[in-house]
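A.B. asks: Quick one: structure below, then a few questions.
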Amino acid sequence: MSVALTAHPRDLSIPAPPRAWRNILTIAGRELRDAVRSRWFILYTLAFAVLGLAVSFVSAAGTGGTGLSGFGRTTAGLINLVLLVVPLMALTAGASSIASERERGMLAYLFAQPVSRTEVLAGKYAGLAGALAACLMLGLGVCAAILAWKGVAARPASVLWLAALSLLLALGMLSLGMLLSVLSRRASVALGAAVFVWLALVLVSDLALMAGVVALRLRIEELFALSLMNPLQVFKMWSLHAVDATLDVLGPAGLYAADEHGPRLHLIFGVCLFAWVVIPLAAAAVLLARRSPV
Amino acid sequence: MIRIEHVTRRFGRYAAVNEACLELTPGDSVALWGANGAGKTTLIRCLLGLLRFKGNISINGLDVLRRGKQARMLVGYVPQELAFHDEMKVAEAVVFFARLKGIGHPDPAIALGNVGLSGHESKRVRELSGGMKQRLALAIALLGDPRILILDEVTASLDAVGRSEFVRLLERLSGEGRTMLFASHRPEEVGALARRVAEMSLGRITSIAPTRDFLARASTGCVLHLLMRDDARPIAIRELRAVGFDPRLNGEGILVGVHPDRKAAPFRILADASIAVDDFEILPAPTQATPGAPPATGDAGQPAAEVLP
Amino acid sequence: MKAVQALVLSLLQASLMAVTSASGAVPPDHARKTDDHAPPAASRAIQNTPGSGLISRLIREASEGDTIVVPSGLHREHLRIDKTIILDGGGRAIIDGGGSGDIVEITAPGVTLRGFTIRNTGIDLDAENAAVRAVAPRVVIEDNMFSDILFGIDLRESPDSVVRRNIIGGKSLDTARRGDGLRLWRCDRTVIEDNIIHDGRDAILWYSTGVVIRRNTGRDCRYGLHLMFSDDVVIDDNEFSGNSVGIYLMYSTGIEIRRNRLVRNRGPSGYGIGLKESDRFVISDNVIAANRAGLYIDGSPFTTRAPGVIRRNSIAFNDVGVMFLPSARGNELTENNFIDNIDQVRVAGRGSLEANRFWSGERGNFWTDYTGYDADHNGVGDFVHEPSTLFENLMDREPSMRLFLFSPAQQAIEFVGRAFPSICPEPKFSDEVPLMRPVAIETSAATRQASPGPLAAAAALLLAVGGGITAAARAGPSTCRRDQSAIGSSLGAIP
């Protein structure tokens with residue numbers, strides 16, 4: 001009997017393995033399919049959409065009877081929502097990706113195939129990023145639909161900006177989550193670390209900075225520089241900057257940023273957020289190449 | 001085809017594989033034999049480039065660490081237990097791995113048919129029995145018709161029926177000129193599939209012998225597989241050696257070749273040494289007449305027995 | 001030489017015909033018809049020396065009470081109108097100042113200037129180069145279009161004048177180098193209506209009493225409307241948007257501000273309406289939205305003769321709804337809708353609001369941050385509205401804290417404040433009868449409802465992307481689908 005799957009006669013010399021991008025696509029496709037079918041995806045999408053709906057309805061209701069509508073409060077509500085939900089979503093998705101597969105031996109099996117580890121990481125990242133993108137776009141799309149239906153005067157550009165920036169934030173947090181995942185030997189540890197990091201970014205760092213403002217009398221340029229270290233703050237400031245084109249809502253530090261950096265702000269915020277995408281992912285790739293997959 | 005040179009892999013201070021050397025020519029079939037913890041799985045992982053190590057391993061001249069992706073194109077690997085996304089459908093899994101191996105338009109039906117899994121394409125992986133999972137793993141390993149098969153105790157988690165079916169399947173496949181390296185501690189598998197046996201102990205390859213010689217040493221008629229507490233095993237081996245048996249560590253127990261008429265002798269000796277035997281199994285002694293197993297001396301280039309110090 | 005002579009002659013003839021026909025009882029249509037016959041080359045021949053152009057000559061030759069219809073086309077000249085005449089550009093005459101000095105000066109009372117495009121003044125701020133300067137009473141300036149001008153209409157001691165349906169657009173200069181689109185100095189009883197003023201410095205009234213300002217639009221200026229020492233002014237139905245400040249009253253008394261729209265006035269001070277030491281004011285039925293501060297109240301009302309009435313306004317989406325300086329006392333805010341301002345009410349510094357009232361009788365205000373309920377369905381909340389949030393208090397004390405607005409940390413702090421009321425600051429004010437529903441405000445200024453189309457398109461785009469990814473992922477890649485169909489057929493073959 002013979003195995004009929006031969007793509008090449010066996011007398012020929014070694015077949016070339018698929019190119020990197022092909023493998024990345026294959027793995028990303030599988031990861032995306034897996035994610036989209038998974039419970040967490042459905043849960044997160046539903047939760048995000050429902051919370052977004054609530055925000056949209058509340059802000060639309062506030063305009064009742066005045067013939068007025070505004071996107072300000074909605075923006076604030078949506079930004080707040082994104083700040084809470086998206087990092088948690090992306091961090092946990094990233095954290096459970098590598099560690100749980102390592103724990104169950106899937107990673108070793110995958111690495112035993114003709115793929116490189118960087119391809120596996122990139123593929124998984126791309127797949128999860130796609131799933132997160134779908135989740136975010138659906139959630140924000142539902143919000144935008146409600147706002148349009150309720151006649152809230154939101155500029156479509158604002159909504160698209162918000163969606164794009166949320167996605168960028170999600171990519172950064174996914175990258176960080178994958179780094180945690182590569183670092184952790186067990187999935188539970190990785191998840192715990194992800195939640196811890198989430199808490200630190202969402203609450204602890206802001207509260208610490210607030211304490212710094214009060215106790216250390218931080219100057220506003222120092223405060224602004226420090227807040228650039230937190231990707232969530234960067235997302236928030238960038239969203240406000242992009243949606244409202246003014247940062248003065250944020251008081252002296254915002255005014256300082258607008259006056260001092262003006263048109264460069266997009267660049268500054270962009271570099272800060274991209275750093276959170278690129279650096280953890282690169283670190284994860286290096287570590288994954290070194291560490292044993294079993 | 002496979003060249004393993006002075007490979008050492010340490011976990012902390014403990015050398016799981018120590019200065020291992022082994023060479024497989026094309027078409028060769030070598031069994032790695034040894035107790036659990038002897039280093040068989042670690043050596044296989046090194047070979048697949050999953051672990052870093054000192055020394056050199058090359059597959060068809062390709063260094064497995066530096067050109068691992070290329071090298072693994074030549075290898076089909078079946079693990080002890082298939083670990084893959086349980087929610088995936090069988091056919092999807094086949095297609096996924098086929099793509100990783102560069103097969104553009106795979107047909108899962110054929111691949112699955114080869115291993116007797118026809119009709120299970122749309123089942124989910126988790127719905128398969130242990131034996132079917134191993135067949136699926138084998139189907140995946142055979143995708144792209146690799147020249148080398150690496151099997152890591154592929155029958156360890158199967159029951160007796162599943163085991164014999166799976167071995168029969170492998171036997172069928174081994175006749176096709178593939179190079180095979182597999183870890184096993186079942187003499188019947190070794191007898192059926194291997195030309196040579198490399199015995200491992202404490203990370204070292206202690207001997208490499210033709211299967212016939214190995215089995216001759218291993219059994220004189222039939223083989224007793226005695227299961228006992230781990231710490232009792234060295235004493236048991238010492239006691240049995242002292243009275244002329246040739247026991248060897250194997251998995252969780254020891255294997256002792258016995259004369260078919262005196263199968264109880266080892267029990268008496270162990271009882272005298274106050275060693276409790278928890279369970280036992282009587283394995284048929286494989287003969288050289290086993291179909292599919294080529295004569296061990298068939299390879300002119302190979303020394304009949306090569307006992308390493 | 002001969003050609004020039006002929007030209008001048010024909011010019012004279014044409015203009016004479018225009019004057020006679022216009023000053024006679026000939027209907028204006030006919031006059032215009034005559035204008036059309038003026039050779040287009042005529043205007044080009046006019047020199048840019050004051051008094052020497054065609055229109056100047058027409059004025060010189062006109063008598064008091066005449067109506068001069070100026071031929072259409074470009075007139076490069078500077079005018080002085082020193083007779084009580086009606087000068088009508090018919091909507092097609094352009095007066096170009098050539099980038100120097102003033103363009104039209106009105107020195108006679110009762111002059112009407114109508115239907116011109118007047119453009120290109122000098123840019124000398126010290127000389128206050130203006131498109132139109134009047135120094136006589138009862139002038140009417142209407143239906144003109146001003147562009148590329150430093151000062152637009154500058155009325156000096158021109159009481160009882162009318163400025164109507166003009167469009168006044170300033171030069172594209174830094175705000176500091178712009179002039180005022182409209183300036184009134186001692187012009188009592190003047191009516192300013194239906195004008196559009198944009199890209200200027202201010203529209204400003206000095207010492208002018210009894211002025212009526214209605215249905216004007218001011219946008220992208222510094223002060224949409226600025227009153228200095230001007231009393232008894234009515235400001236109705238105007239729209240001021242995108243200015244640094246919408247309306248600013250200083251030292252003015254007896255002002256009514258009704259049914260105006262004040263939107264997105266977000267300059268350095270950025271008030272919708274600012275009141276400084278003004279008195280006897282009624283601010284009602286205005287829509288005040290998306291400004292930096294909706295209302296800014298500094299030392300007003302100035303005396304205790306009458307309360308400052310702020311009633312039935314929609315104050316929405318401003319950074320601060322109403323900003324009080326500690327000096328502000330005696331205001332009464334009722335039936336206003338406070339909608340989603342980031343700070344609904346704020347006291348600059350750490351003063352108190354005790355001397356101002358947020359309710360009267362049975363009517364308080366509508367607050368979107370009211371947390372109570374209305375069990376007896378009388379439209380009034382059952383609990384007093386006493387807003388006090390820890391974070392707002394922190395921001396008041398430490399302005400840099402605003403950086404943390406909209407962050408979960410802010411909510412955490414407010415949560416702590418609610419959980420431990422003892423550490424919560426005293427409420428700044430209280431509304432004993434908060435309204436449960438917003439008050440319907442009648443603004444005559446058109447409420448522009450954004451078309452939901454583009455937003456719906458954005459929503460559709462997002463949903464399509466998200467749904468597309470999901471659907472594609474669920475279906476699996478195309479090859480895989482093909483393979484699965486192949487499996488399907490092979491499965492079919494298996495009994």
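In the structure tokens, chains take the letters A, B, ... in the order shown, each chain's residues start at 1, and ligands count up from 1 in the order shown.
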Pull the closest atom pair for each residue of chain A that gets at most 6 Å from chain C, along with the distance in Å to one decimal, counting only C-alpha atoms, ordering rows by chain and then ascending residue number, as a Markdown table.
C.D. replies:
```
| residue | atom | partner | partner_atom | distance |
| --- | --- | --- | --- | --- |
| A:Arg33 | CA | C:Ala473 | CA | 4.6 |
| A:Gly65 | CA | C:Ala440 | CA | 5.5 |
| A:Thr66 | CA | C:Ala440 | CA | 5.8 |
| A:Ala76 | CA | C:Phe406 | CA | 6.0 |
| A:Asn80 | CA | C:Phe406 | CA | 5.8 |
| A:Ala134 | CA | C:Gly466 | CA | 3.8 |
| A:Met137 | CA | C:Gly466 | CA | 4.8 |
| A:Leu138 | CA | C:Gly466 | CA | 4.9 |
| A:Gly141 | CA | C:Ala459 | CA | 4.5 |
| A:Ala144 | CA | C:Ala459 | CA | 4.9 |
| A:Ala145 | CA | C:Ala459 | CA | 5.1 |
| A:Ala148 | CA | C:Pro452 | CA | 4.9 |
| A:Gly151 | CA | C:Pro452 | CA | 5.9 |
| A:Ala153 | CA | C:Ala450 | CA | 5.4 |
| A:Pro156 | CA | C:Leu455 | CA | 4.6 |
| A:Leu203 | CA | C:Ala409 | CA | 5.1 |
| A:Leu250 | CA | C:Leu403 | CA | 4.4 |
| A:Gly251 | CA | C:Arg402 | CA | 5.0 |
| A:Pro252 | CA | C:Ser400 | CA | 5.4 |
| A:Ala253 | CA | C:Ser400 | CA | 5.9 |
```
A.B. asks: Any chance you could export the current selection's N, CA and C atoms as a PDB file, in the first residue's frame?
C.D. replies:
```pdb
ATOM      1  N   ARG A  33     -10.489  30.890  14.066  1.00  0.00           N
ATOM      2  CA  ARG A  33     -11.683  30.056  14.033  1.00  0.00           C
ATOM      3  C   ARG A  33     -11.986  29.527  15.428  1.00  0.00           C
ATOM      4  N   GLY A  65     -36.026  65.865  24.724  1.00  0.00           N
ATOM      5  CA  GLY A  65     -36.830  67.054  24.893  1.00  0.00           C
ATOM      6  C   GLY A  65     -36.117  68.362  24.658  1.00  0.00           C
ATOM      7  N   THR A  66     -34.822  68.326  24.462  1.00  0.00           N
ATOM      8  CA  THR A  66     -34.106  69.586  24.305  1.00  0.00           C
ATOM      9  C   THR A  66     -33.779  69.846  22.851  1.00  0.00           C
ATOM     10  N   ALA A  76     -17.221  59.871  26.496  1.00  0.00           N
ATOM     11  CA  ALA A  76     -16.655  59.601  27.811  1.00  0.00           C
ATOM     12  C   ALA A  76     -17.063  58.213  28.284  1.00  0.00           C
ATOM     13  N   ASN A  80     -14.560  55.071  28.772  1.00  0.00           N
ATOM     14  CA  ASN A  80     -14.515  54.408  30.066  1.00  0.00           C
ATOM     15  C   ASN A  80     -14.743  52.912  29.924  1.00  0.00           C
ATOM     16  N   ALA A 134     -12.885  41.635  15.639  1.00  0.00           N
ATOM     17  CA  ALA A 134     -14.288  41.329  15.347  1.00  0.00           C
ATOM     18  C   ALA A 134     -15.162  41.712  16.532  1.00  0.00           C
ATOM     19  N   MET A 137     -15.355  45.575  16.875  1.00  0.00           N
ATOM     20  CA  MET A 137     -16.112  46.221  15.800  1.00  0.00           C
ATOM     21  C   MET A 137     -17.608  45.930  15.969  1.00  0.00           C
ATOM     22  N   LEU A 138     -17.917  44.692  16.336  1.00  0.00           N
ATOM     23  CA  LEU A 138     -19.331  44.372  16.544  1.00  0.00           C
ATOM     24  C   LEU A 138     -19.897  45.213  17.683  1.00  0.00           C
ATOM     25  N   GLY A 141     -19.935  48.857  16.721  1.00  0.00           N
ATOM     26  CA  GLY A 141     -20.892  49.008  15.629  1.00  0.00           C
ATOM     27  C   GLY A 141     -22.314  49.075  16.156  1.00  0.00           C
ATOM     28  N   ALA A 144     -22.789  52.453  17.674  1.00  0.00           N
ATOM     29  CA  ALA A 144     -22.955  53.497  16.656  1.00  0.00           C
ATOM     30  C   ALA A 144     -24.343  53.409  16.029  1.00  0.00           C
ATOM     31  N   ALA A 145     -24.804  52.182  15.818  1.00  0.00           N
ATOM     32  CA  ALA A 145     -26.129  52.013  15.224  1.00  0.00           C
ATOM     33  C   ALA A 145     -27.192  52.610  16.139  1.00  0.00           C
ATOM     34  N   ALA A 148     -26.997  56.388  15.985  1.00  0.00           N
ATOM     35  CA  ALA A 148     -27.574  56.894  14.736  1.00  0.00           C
ATOM     36  C   ALA A 148     -29.093  56.839  14.800  1.00  0.00           C
ATOM     37  N   GLY A 151     -30.522  59.451  16.903  1.00  0.00           N
ATOM     38  CA  GLY A 151     -30.280  60.802  16.434  1.00  0.00           C
ATOM     39  C   GLY A 151     -29.252  61.574  17.235  1.00  0.00           C
ATOM     40  N   ALA A 153     -25.898  63.318  17.724  1.00  0.00           N
ATOM     41  CA  ALA A 153     -25.015  63.900  16.726  1.00  0.00           C
ATOM     42  C   ALA A 153     -23.572  63.512  17.007  1.00  0.00           C
ATOM     43  N   PRO A 156     -19.231  60.544  12.482  1.00  0.00           N
ATOM     44  CA  PRO A 156     -18.802  59.163  12.189  1.00  0.00           C
ATOM     45  C   PRO A 156     -17.300  59.008  12.348  1.00  0.00           C
ATOM     46  N   LEU A 203      -6.192  50.706  37.544  1.00  0.00           N
ATOM     47  CA  LEU A 203      -6.399  51.447  38.785  1.00  0.00           C
ATOM     48  C   LEU A 203      -5.109  51.901  39.450  1.00  0.00           C
ATOM     49  N   LEU A 250      -8.822  67.933  30.157  1.00  0.00           N
ATOM     50  CA  LEU A 250      -8.008  67.229  31.145  1.00  0.00           C
ATOM     51  C   LEU A 250      -7.197  68.174  32.018  1.00  0.00           C
ATOM     52  N   GLY A 251      -7.602  69.439  32.035  1.00  0.00           N
ATOM     53  CA  GLY A 251      -6.982  70.349  32.971  1.00  0.00           C
ATOM     54  C   GLY A 251      -5.573  70.756  32.566  1.00  0.00           C
ATOM     55  N   PRO A 252      -4.797  71.215  33.522  1.00  0.00           N
ATOM     56  CA  PRO A 252      -3.489  71.804  33.217  1.00  0.00           C
ATOM     57  C   PRO A 252      -2.584  70.867  32.427  1.00  0.00           C
ATOM     58  N   ALA A 253      -2.572  69.582  32.795  1.00  0.00           N
ATOM     59  CA  ALA A 253      -1.684  68.661  32.090  1.00  0.00           C
ATOM     60  C   ALA A 253      -2.113  68.536  30.628  1.00  0.00           C
TER      61      ALA A 253
END
```
A.B. asks: I want to know what sits within 10 Å of stretch 293-298 of chain C, based on only C-alpha atoms, with residues of the same chain fewer than 5 positions away left out; could you give that as a ChimeraX atom specification?
C.D. replies: /C:245-250,262-266,269-278,287-288,308,310,314-329,331,341-348
A.B. asks: Only N, CA and C atoms, please: the residues just picked out, written as a short mmCIF file (atom, residue, chain, number, x, y, z; two decimals), in the first residue's frame.
C.D. replies:
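Final file, again.cif:
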```cif
data_model
loop_
_atom_site.label_atom_id
_atom_site.label_comp_id
_atom_site.auth_asym_id
_atom_site.auth_seq_id
_atom_site.Cartn_x
_atom_site.Cartn_y
_atom_site.Cartn_z
N VAL C 245 -15.46 83.24 22.83
CA VAL C 245 -16.53 83.44 23.80
C VAL C 245 -17.80 83.77 23.01
N GLY C 246 -18.93 83.24 23.45
CA GLY C 246 -20.17 83.52 22.74
C GLY C 246 -20.63 84.95 22.98
N ILE C 247 -21.19 85.18 24.16
CA ILE C 247 -21.66 86.53 24.52
C ILE C 247 -20.97 86.91 25.81
N TYR C 248 -20.42 88.11 25.86
CA TYR C 248 -19.79 88.54 27.09
C TYR C 248 -20.32 89.90 27.49
N LEU C 249 -20.92 89.97 28.66
CA LEU C 249 -21.44 91.24 29.15
C LEU C 249 -20.48 91.80 30.18
N MET C 250 -20.09 93.06 30.00
CA MET C 250 -19.27 93.69 31.04
C MET C 250 -19.92 95.00 31.43
N LEU C 262 -25.68 79.00 21.78
CA LEU C 262 -24.28 79.28 22.06
C LEU C 262 -23.56 77.95 22.09
N VAL C 263 -22.84 77.66 21.04
CA VAL C 263 -22.33 76.30 20.87
C VAL C 263 -20.84 76.33 20.55
N ARG C 264 -20.11 75.46 21.21
CA ARG C 264 -18.69 75.23 20.92
C ARG C 264 -17.87 76.51 20.97
N ASN C 265 -18.13 77.35 21.94
CA ASN C 265 -17.26 78.50 22.13
C ASN C 265 -16.17 78.05 23.09
N ARG C 266 -15.00 77.75 22.56
CA ARG C 266 -14.01 77.02 23.34
C ARG C 266 -12.65 77.68 23.28
N SER C 269 -10.76 81.40 27.08
CA SER C 269 -11.69 81.44 28.21
C SER C 269 -12.90 80.56 27.91
N GLY C 270 -13.43 80.66 26.70
CA GLY C 270 -14.40 79.68 26.24
C GLY C 270 -15.74 79.66 26.96
N TYR C 271 -16.37 80.83 27.10
CA TYR C 271 -17.68 80.84 27.76
C TYR C 271 -18.78 80.88 26.70
N GLY C 272 -19.89 80.23 26.99
CA GLY C 272 -21.08 80.43 26.18
C GLY C 272 -21.56 81.85 26.41
N ILE C 273 -21.89 82.14 27.67
CA ILE C 273 -22.25 83.50 28.07
C ILE C 273 -21.42 83.86 29.28
N GLY C 274 -20.73 84.98 29.23
CA GLY C 274 -19.97 85.45 30.38
C GLY C 274 -20.60 86.72 30.92
N LEU C 275 -20.67 86.83 32.23
CA LEU C 275 -21.26 88.03 32.85
C LEU C 275 -20.25 88.59 33.82
N LYS C 276 -19.84 89.82 33.57
CA LYS C 276 -18.95 90.43 34.53
C LYS C 276 -19.57 91.72 35.03
N GLU C 277 -19.82 91.73 36.32
CA GLU C 277 -20.36 92.90 36.99
C GLU C 277 -21.47 93.54 36.17
N SER C 278 -22.40 92.69 35.76
CA SER C 278 -23.56 93.18 35.03
C SER C 278 -24.78 93.03 35.92
N VAL C 287 -29.94 77.79 24.29
CA VAL C 287 -29.26 76.50 24.25
C VAL C 287 -27.77 76.79 24.35
N ILE C 288 -27.17 76.26 25.39
CA ILE C 288 -25.77 76.59 25.67
C ILE C 288 -25.04 75.26 25.72
N GLY C 308 -30.34 87.87 39.41
CA GLY C 308 -29.99 87.45 38.05
C GLY C 308 -30.88 86.28 37.68
N ILE C 310 -31.83 83.25 35.49
CA ILE C 310 -31.32 82.28 34.51
C ILE C 310 -32.33 81.16 34.47
N SER C 314 -31.09 75.29 28.22
CA SER C 314 -30.49 73.96 28.16
C SER C 314 -28.99 74.14 28.20
N ILE C 315 -28.41 73.65 29.27
CA ILE C 315 -26.97 73.82 29.45
C ILE C 315 -26.38 72.42 29.35
N ALA C 316 -25.78 72.12 28.21
CA ALA C 316 -25.48 70.73 27.93
C ALA C 316 -24.07 70.54 27.41
N PHE C 317 -23.46 69.46 27.81
CA PHE C 317 -22.20 68.99 27.24
C PHE C 317 -21.07 70.00 27.35
N ASN C 318 -21.20 70.95 28.25
CA ASN C 318 -20.08 71.86 28.46
C ASN C 318 -19.09 71.21 29.42
N ASP C 319 -17.85 71.67 29.38
CA ASP C 319 -16.91 71.17 30.37
C ASP C 319 -17.41 71.54 31.76
N VAL C 320 -17.82 72.79 31.89
CA VAL C 320 -18.46 73.23 33.12
C VAL C 320 -19.80 73.83 32.72
N GLY C 321 -20.85 73.41 33.37
CA GLY C 321 -22.17 73.94 33.02
C GLY C 321 -22.25 75.41 33.37
N VAL C 322 -22.20 75.69 34.66
CA VAL C 322 -22.19 77.07 35.12
C VAL C 322 -21.01 77.24 36.04
N MET C 323 -20.19 78.20 35.72
CA MET C 323 -19.01 78.48 36.53
C MET C 323 -19.25 79.78 37.30
N PHE C 324 -19.20 79.67 38.61
CA PHE C 324 -19.38 80.85 39.44
C PHE C 324 -18.02 81.29 39.97
N LEU C 325 -17.78 82.59 39.95
CA LEU C 325 -16.68 83.08 40.76
C LEU C 325 -17.24 83.30 42.16
N PRO C 326 -16.40 83.24 43.16
CA PRO C 326 -16.92 83.36 44.53
C PRO C 326 -17.70 84.65 44.75
N SER C 327 -17.42 85.65 43.91
CA SER C 327 -18.10 86.93 44.09
C SER C 327 -19.54 86.90 43.61
N ALA C 328 -19.93 85.86 42.88
CA ALA C 328 -21.26 85.86 42.28
C ALA C 328 -22.31 85.54 43.34
N ARG C 329 -23.29 86.37 43.46
CA ARG C 329 -24.37 86.14 44.42
C ARG C 329 -25.66 86.70 43.86
N ASN C 331 -28.07 85.07 42.10
CA ASN C 331 -28.63 84.50 40.87
C ASN C 331 -29.67 83.46 41.22
N ASN C 341 -23.03 67.98 31.59
CA ASN C 341 -21.81 68.78 31.63
C ASN C 341 -20.81 68.00 32.48
N ILE C 342 -19.55 68.12 32.14
CA ILE C 342 -18.59 67.33 32.90
C ILE C 342 -18.62 67.78 34.37
N ASP C 343 -18.53 69.08 34.60
CA ASP C 343 -18.91 69.61 35.92
C ASP C 343 -20.20 70.37 35.69
N GLN C 344 -21.24 69.98 36.38
CA GLN C 344 -22.51 70.68 36.15
C GLN C 344 -22.42 72.12 36.66
N VAL C 345 -21.94 72.26 37.88
CA VAL C 345 -21.81 73.57 38.49
C VAL C 345 -20.48 73.61 39.20
N ARG C 346 -19.78 74.69 39.03
CA ARG C 346 -18.47 74.73 39.65
C ARG C 346 -18.24 76.12 40.23
N VAL C 347 -17.59 76.17 41.35
CA VAL C 347 -17.18 77.44 41.92
C VAL C 347 -15.68 77.53 41.74
N ALA C 348 -15.23 78.56 41.04
CA ALA C 348 -13.79 78.72 40.89
C ALA C 348 -13.21 79.04 42.25
#
```
A.B. asks: One decimal, in Å: what's the spacing between atom CA of A:Gly270 and atom CA of A:Ala208?
C.D. replies: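 Result for atom CA of A:Gly270 versus atom CA of A:Ala208: 24.0 Å, one decimal.
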A.B. asks: If you run DSSP on this backbone, which residues of stretch 163-233 of chain C come out as strand (DSSP E or B), and could you give them as a VMD selection string?
C.D. replies: chain C and resid 163 to 164 167 to 170 182 to 185 191 to 193 196 to 198 202 to 206 212 to 214 217 to 219 223 to 228
A.B. asks: What are the closest atom pairs, with distances in Å to one decimal, for each residue of chain B lying within 12 Å of chain C, using only C-alpha atoms, rows by chain and rising residue number, as CSV?
C.D. replies:
```
residue,atom,partner,partner_atom,distance
B:Met88,CA,C:Gly476,CA,11.5
B:Lys89,CA,C:Gln484,CA,10.3
B:Val90,CA,C:Gln484,CA,10.7
B:Ala91,CA,C:Gln484,CA,7.4
B:Glu92,CA,C:Cys480,CA,7.3
B:Ala93,CA,C:Cys480,CA,10.4
B:Val94,CA,C:Cys480,CA,10.2
B:Val95,CA,C:Cys480,CA,6.9
B:Phe96,CA,C:Cys480,CA,8.7
B:Phe97,CA,C:Cys480,CA,11.9
B:Ala98,CA,C:Cys480,CA,11.0
B:Arg99,CA,C:Cys480,CA,10.2
B:Ile103,CA,C:Thr479,CA,11.4
B:Gly104,CA,C:Thr479,CA,8.7
B:His105,CA,C:Thr479,CA,7.1
B:Pro106,CA,C:Asp483,CA,7.4
B:Asp107,CA,C:Asp483,CA,6.3
B:Pro108,CA,C:Ile487,CA,7.2
B:Ala109,CA,C:Ile487,CA,5.9
B:Ile110,CA,C:Ile487,CA,9.4
B:Ala111,CA,C:Ile487,CA,11.2
B:Leu112,CA,C:Ile487,CA,10.5
B:Gly113,CA,C:Ser490,CA,10.6
B:Leu117,CA,C:Leu491,CA,11.6
B:Ser118,CA,C:Leu491,CA,8.2
B:Gly119,CA,C:Leu491,CA,6.1
B:His120,CA,C:Leu491,CA,8.8
B:Glu121,CA,C:Ile487,CA,7.1
B:Ser122,CA,C:Ile487,CA,8.4
B:Lys123,CA,C:Ile487,CA,11.9
```
A.B. asks: Go ahead and write the selection's residues with C-alpha atoms as a short mmCIF file (atom, residue, chain, number, x, y, z; two decimals), in the first residue's frame.
C.D. replies:
```cif
data_model
loop_
_atom_site.label_atom_id
_atom_site.label_comp_id
_atom_site.auth_asym_id
_atom_site.auth_seq_id
_atom_site.Cartn_x
_atom_site.Cartn_y
_atom_site.Cartn_z
CA MET B 88 -11.49 20.72 16.03
CA LYS B 89 -13.00 18.34 13.59
CA VAL B 90 -10.85 15.45 12.49
CA ALA B 91 -10.77 16.60 8.89
CA GLU B 92 -9.93 20.15 9.93
CA ALA B 93 -7.02 18.91 11.97
CA VAL B 94 -5.68 16.97 9.01
CA VAL B 95 -6.04 19.97 6.72
CA PHE B 96 -4.38 22.25 9.24
CA PHE B 97 -1.29 20.08 9.62
CA ALA B 98 -1.17 19.34 5.91
CA ARG B 99 -0.86 23.05 5.27
CA ILE B 103 0.53 20.47 1.04
CA GLY B 104 -1.65 22.84 -0.88
CA HIS B 105 -4.81 20.85 -1.41
CA PRO B 106 -4.89 17.99 1.01
CA ASP B 107 -7.63 15.41 0.93
CA PRO B 108 -8.33 14.33 4.47
CA ALA B 109 -10.44 11.41 3.32
CA ILE B 110 -7.44 9.66 1.80
CA ALA B 111 -5.15 10.46 4.70
CA LEU B 112 -7.67 9.13 7.17
CA GLY B 113 -8.43 6.11 5.05
CA LEU B 117 -10.30 6.32 10.16
CA SER B 118 -12.61 6.63 7.15
CA GLY B 119 -15.98 7.96 8.13
CA HIS B 120 -14.76 9.87 11.15
CA GLU B 121 -13.93 13.06 9.28
CA SER B 122 -16.59 15.24 10.82
CA LYS B 123 -16.19 13.98 14.36
#
```
A.B. asks: Determine, counting only C-alpha atoms, which protein, DNA and RNA residues have an atom within 12 Å of an atom of C:Asp143; residues of the same chain fewer than 2 positions away are not included. Present the result as a PyMOL selection string.
C.D. replies: chain C and resi 87-93+112-118+140-141+145-146+162-168+193-196
A.B. asks: Near chain B, meaning an atom within 7 Å, which residues of chain A appear when counting only C-alpha atoms? Write them as a list in words.
C.D. replies: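 Per the criterion, chain A yields Val3, Leu5, Thr6, Ala7, Ala16, Pro17, Pro18, Asn23, Thr26, Arg104, Gly105, Met106, Ala108, Tyr109, Phe111, Ala112, Gln113, Pro114, Val115, Ser116, Ser292 and Pro293 of chain A.
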A.B. asks: When you look at stretch 202-219 of chain C with a cut-off of 8 Å (counting only C-alpha atoms), what residues show up, excluding the ones that are within fewer than 4 positions of it in the same chain? I need them as number ranges by chain.
C.D. replies: C: 179-198, 223-243, 445
A.B. asks: With only C-alpha atoms as the basis for distance, which of B:Ser274, B:Thr211, B:Gln80, B:Thr25 is at the shortest distance from B:Ile148?
C.D. replies: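 Answer, going by the shortest atom-to-atom distance: B:Thr25.
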A.B. asks: Neighbouring residues of B:Ile282 were defined as those with any atom within 12 Å, considering only C-alpha atoms; residues of the same chain fewer than 4 positions away were excluded. Please report them as a list in words.
C.D. replies: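 Near neighbours after the sequence-gap exclusion: Arg186, Pro187, Glu188, Ser219, Gly221, Cys222, Val223, Leu224, His225, Leu226, Leu227, Ile254, Leu255, Val256, Gly257, Val258, His259, Pro260, Lys263 and Ala264 of chain B.
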